[in-house]
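Structure data follow from upload_8.cif (mmCIF, C-alpha atoms):
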data_protein
#
loop_
_atom_site.group_PDB
_atom_site.id
_atom_site.type_symbol
_atom_site.label_atom_id
_atom_site.label_comp_id
_atom_site.auth_asym_id
_atom_site.auth_seq_id
_atom_site.Cartn_x
_atom_site.Cartn_y
_atom_site.Cartn_z
ATOM 1 C CA MET R 838 -0.655 -7.727 -12.295
ATOM 2 C CA ILE R 839 -4.363 -8.370 -12.436
ATOM 3 C CA PRO R 840 -6.573 -5.272 -12.083
ATOM 4 C CA GLY R 841 -8.462 -5.250 -8.797
ATOM 5 C CA VAL R 842 -6.130 -7.716 -7.076
ATOM 6 C CA SER R 843 -4.120 -6.307 -4.205
ATOM 7 C CA ARG R 844 -0.418 -7.087 -4.544
ATOM 8 C CA SER R 845 0.063 -7.009 -0.807
ATOM 9 C CA GLY R 846 -3.094 -9.026 -0.188
ATOM 10 C CA ALA R 847 -1.998 -11.665 -2.702
ATOM 11 C CA THR R 848 1.488 -11.988 -1.211
ATOM 12 C CA ILE R 849 0.145 -12.139 2.339
ATOM 13 C CA MET R 850 -2.470 -14.767 1.443
ATOM 14 C CA GLY R 851 0.130 -16.786 -0.456
ATOM 15 C CA SER R 852 2.451 -16.634 2.535
ATOM 16 C CA LEU R 853 -0.318 -17.687 4.921
ATOM 17 C CA LEU R 854 -1.185 -20.612 2.640
ATOM 18 C CA MET R 855 2.475 -21.659 2.920
ATOM 19 C CA ARG R 856 2.021 -21.569 6.716
ATOM 20 C CA VAL R 857 4.191 -18.503 7.246
ATOM 21 C CA GLU R 858 3.591 -16.559 10.472
ATOM 22 C CA ARG R 859 1.243 -13.545 10.113
ATOM 23 C CA SER R 860 3.840 -10.925 11.028
ATOM 24 C CA ALA R 861 6.444 -12.484 8.717
ATOM 25 C CA ALA R 862 3.900 -12.554 5.867
ATOM 26 C CA ALA R 863 3.151 -8.843 6.351
ATOM 27 C CA GLU R 864 6.857 -7.981 6.542
ATOM 28 C CA PHE R 865 7.509 -9.970 3.359
ATOM 29 C CA SER R 866 4.739 -8.074 1.601
ATOM 30 C CA PHE R 867 6.198 -4.722 2.648
ATOM 31 C CA PHE R 868 9.690 -5.761 1.564
ATOM 32 C CA LEU R 869 8.287 -6.682 -1.855
ATOM 33 C CA ALA R 870 6.771 -3.209 -2.098
ATOM 34 C CA ILE R 871 10.176 -1.497 -1.876
ATOM 35 C CA PRO R 872 11.335 -2.178 -5.465
ATOM 36 C CA THR R 873 7.863 -1.418 -6.818
ATOM 37 C CA MET R 874 7.680 1.947 -5.049
ATOM 38 C CA PHE R 875 11.278 2.784 -5.921
ATOM 39 C CA GLY R 876 10.616 2.032 -9.596
ATOM 40 C CA ALA R 877 7.378 4.039 -9.625
ATOM 41 C CA SER R 878 9.116 6.983 -7.952
ATOM 42 C CA ALA R 879 12.072 6.847 -10.342
ATOM 43 C CA TYR R 880 9.719 6.703 -13.326
ATOM 44 C CA SER R 881 7.672 9.618 -11.992
ATOM 45 C CA LEU R 882 10.833 11.692 -11.476
ATOM 46 C CA TYR R 883 12.006 10.773 -14.973
ATOM 47 C CA LYS R 884 8.702 11.867 -16.530
ATOM 48 C CA GLY R 885 8.558 15.109 -14.539
ATOM 49 C CA TRP R 886 12.257 15.951 -14.666
ATOM 50 C CA LYS R 887 11.719 18.901 -17.023
ATOM 51 C CA PHE R 888 9.399 20.531 -14.478
ATOM 52 C CA LEU R 889 11.912 20.350 -11.616
ATOM 53 C CA GLU R 890 14.515 22.922 -10.728
ATOM 54 C CA MET R 891 17.464 22.788 -8.334
ATOM 55 C CA SER R 892 15.511 25.007 -5.958
ATOM 56 C CA ASP R 893 13.053 22.093 -5.565
ATOM 57 C CA ALA R 894 15.738 19.767 -4.155
ATOM 58 C CA LEU R 895 15.245 20.856 -0.542
ATOM 59 C CA GLU R 896 11.473 20.357 -0.655
ATOM 60 C CA LEU R 897 11.861 16.952 -2.318
ATOM 61 C CA THR R 898 14.415 15.873 0.266
ATOM 62 C CA ILE R 899 12.268 17.018 3.192
ATOM 63 C CA GLY R 900 9.214 15.310 1.687
ATOM 64 C CA PHE R 901 11.147 12.078 1.158
ATOM 65 C CA VAL R 902 12.513 12.022 4.709
ATOM 66 C CA ILE R 903 9.122 12.768 6.293
ATOM 67 C CA ALA R 904 7.369 10.179 4.125
ATOM 68 C CA PHE R 905 10.010 7.576 5.008
ATOM 69 C CA VAL R 906 9.759 8.216 8.766
ATOM 70 C CA VAL R 907 5.949 8.145 8.758
ATOM 71 C CA ALA R 908 5.810 5.025 6.580
ATOM 72 C CA TYR R 909 8.320 3.246 8.816
ATOM 73 C CA TRP R 910 6.273 4.135 11.911
ATOM 74 C CA VAL R 911 2.992 3.000 10.313
ATOM 75 C CA VAL R 912 4.464 -0.286 9.060
ATOM 76 C CA ARG R 913 5.904 -1.098 12.500
ATOM 77 C CA ARG R 914 2.542 -0.407 14.152
ATOM 78 C CA PHE R 915 0.674 -2.367 11.480
ATOM 79 C CA ILE R 916 2.902 -5.428 11.914
ATOM 80 C CA ALA R 917 2.474 -5.235 15.691
ATOM 81 C CA PHE R 918 -1.317 -5.024 15.210
ATOM 82 C CA ILE R 919 -1.333 -7.976 12.796
ATOM 83 C CA SER R 920 0.793 -10.054 15.171
ATOM 84 C CA ASN R 921 -1.797 -9.613 17.927
ATOM 85 C CA ASN R 922 -5.094 -9.441 16.006
ATOM 86 C CA GLY R 923 -4.750 -11.123 12.617
ATOM 87 C CA PHE R 924 -6.245 -10.069 9.302
ATOM 88 C CA GLY R 925 -9.941 -10.597 10.084
ATOM 89 C CA ILE R 926 -10.787 -6.914 10.480
ATOM 90 C CA PHE R 927 -9.269 -6.115 7.089
ATOM 91 C CA ALA R 928 -11.172 -8.953 5.421
ATOM 92 C CA TRP R 929 -14.488 -7.710 6.812
ATOM 93 C CA TYR R 930 -13.635 -4.135 5.869
ATOM 94 C CA ARG R 931 -13.007 -5.167 2.247
ATOM 95 C CA ILE R 932 -16.204 -7.226 2.130
ATOM 96 C CA VAL R 933 -18.360 -4.385 3.508
ATOM 97 C CA VAL R 934 -16.804 -1.665 1.331
ATOM 98 C CA GLY R 935 -16.849 -3.937 -1.734
ATOM 99 C CA ALA R 936 -20.524 -4.785 -1.225
ATOM 100 C CA PHE R 937 -21.372 -1.109 -0.757
ATOM 101 C CA LEU R 938 -19.513 -0.078 -3.917
ATOM 102 C CA LEU R 939 -21.014 -2.938 -5.918
ATOM 103 C CA GLY R 940 -24.494 -1.887 -4.828
ATOM 104 C CA TYR R 941 -23.797 1.793 -5.440
ATOM 105 C CA PHE R 942 -22.443 1.336 -8.945
ATOM 106 C CA THR R 943 -25.140 -1.184 -9.805
ATOM 107 C CA LEU R 944 -27.868 1.253 -8.744
ATOM 108 C CA LYS R 945 -26.086 4.141 -10.451
ATOM 109 C CA GLY R 946 -25.906 2.102 -13.660
ATOM 110 C CA VAL R 947 -29.610 1.272 -13.430
ATOM 111 C CA ALA R 948 -30.472 4.942 -12.812
ATOM 112 C CA THR R 949 -28.550 6.156 -15.886
ATOM 113 C CA ALA R 950 -29.748 3.394 -18.221
#

Please rewrite the model in this file as structure tokens.
Amino acid sequence: MIPGVSRSGATIMGSLLMRVERSAAAEFSFFLAIPTMFGASAYSLYKGWKFLEMSDALELTIGFVIAFVVAYWVVRRFIAFISNNGFGIFAWYRIVVGAFLLGYFTLKGVATA
């Protein structure tokens, strides 16, 4: 993992370079996220286990179910959007936000120096 490189962006771009369909590339990227998120969640639960009580089980279960349903809905809509529109809007978004942040932190660095 290289800092600043999007895992999903890298897998999608790699898939597109291999001439995989846009929607299949996005689905592949989301499928690759499952073990990463599961591992991060398991590690977080392991680290915070001493702070949890059995009375927290209901809230955790409700939170998990709601997060799963919302994520599933968003991913389905995102894949449908990508199938029809492509990745251009996301590329421009990253360029504009990246340029803004680069300028902001450059000017902030100059102001504090």

Got a sec to resolve the PyMOL selection byres ((chain R and resi 912) around 12) on this structure and send the residues as number ranges by chain?
-> R: 860, 863-868, 870, 904-911, 913-919

For Phe875 (chain R), which residue out of R:Phe901, R:Ala862, R:Asn922, R:Phe937 is the nearest one, using all atoms listed in the file?
->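 Closest to Phe875 (chain R) of all the choices is R:Phe901.
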
Gap from CA of Met891 (chain R) to CA of Ser878 (chain R) - Å, one decimal =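 A separation of 17.9 Å between them.
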
Interatomic distance, CA of Arg859 (chain R) to CA of Gly923 (chain R) (Å, one decimal) |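 About the pair CA of Arg859 (chain R) and CA of Gly923 (chain R): they are 6.9 Å apart.
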
Enter the distance from CA of Ser845 (chain R) to CA of Lys884 (chain R), in Å, rounded to one decimal.
->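 Computed distance, CA of Ser845 (chain R) to CA of Lys884 (chain R), equals 26.0 Å.
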
Test item: axis-aligned box, all listed atoms of region 875-883 of chain R, 6 Å on each side, centre and edges in Å rounded to one decimal, as JSON:
{"center_x": 9.7, "center_y": 6.9, "center_z": -10.4, "size_x": 16.7, "size_y": 21.7, "size_z": 21.1}

Using all atoms listed in the file, find the one residue out of R:Leu938, R:Leu895, R:Leu944, R:Ala928 that sits nearest to Met850 (chain R).
->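 Ranked by minimum distance to Met850 (chain R), first place goes to R:Ala928.
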
For each of R:Leu897, R:Asn921, R:Arg931, R:Lys945, take the minimum atom-to-atom distance to Ser843 (chain R), counting all atoms listed in the file, then give the residue where this is smallest.
->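 Smallest distance to Ser843 (chain R) is found for R:Arg931.
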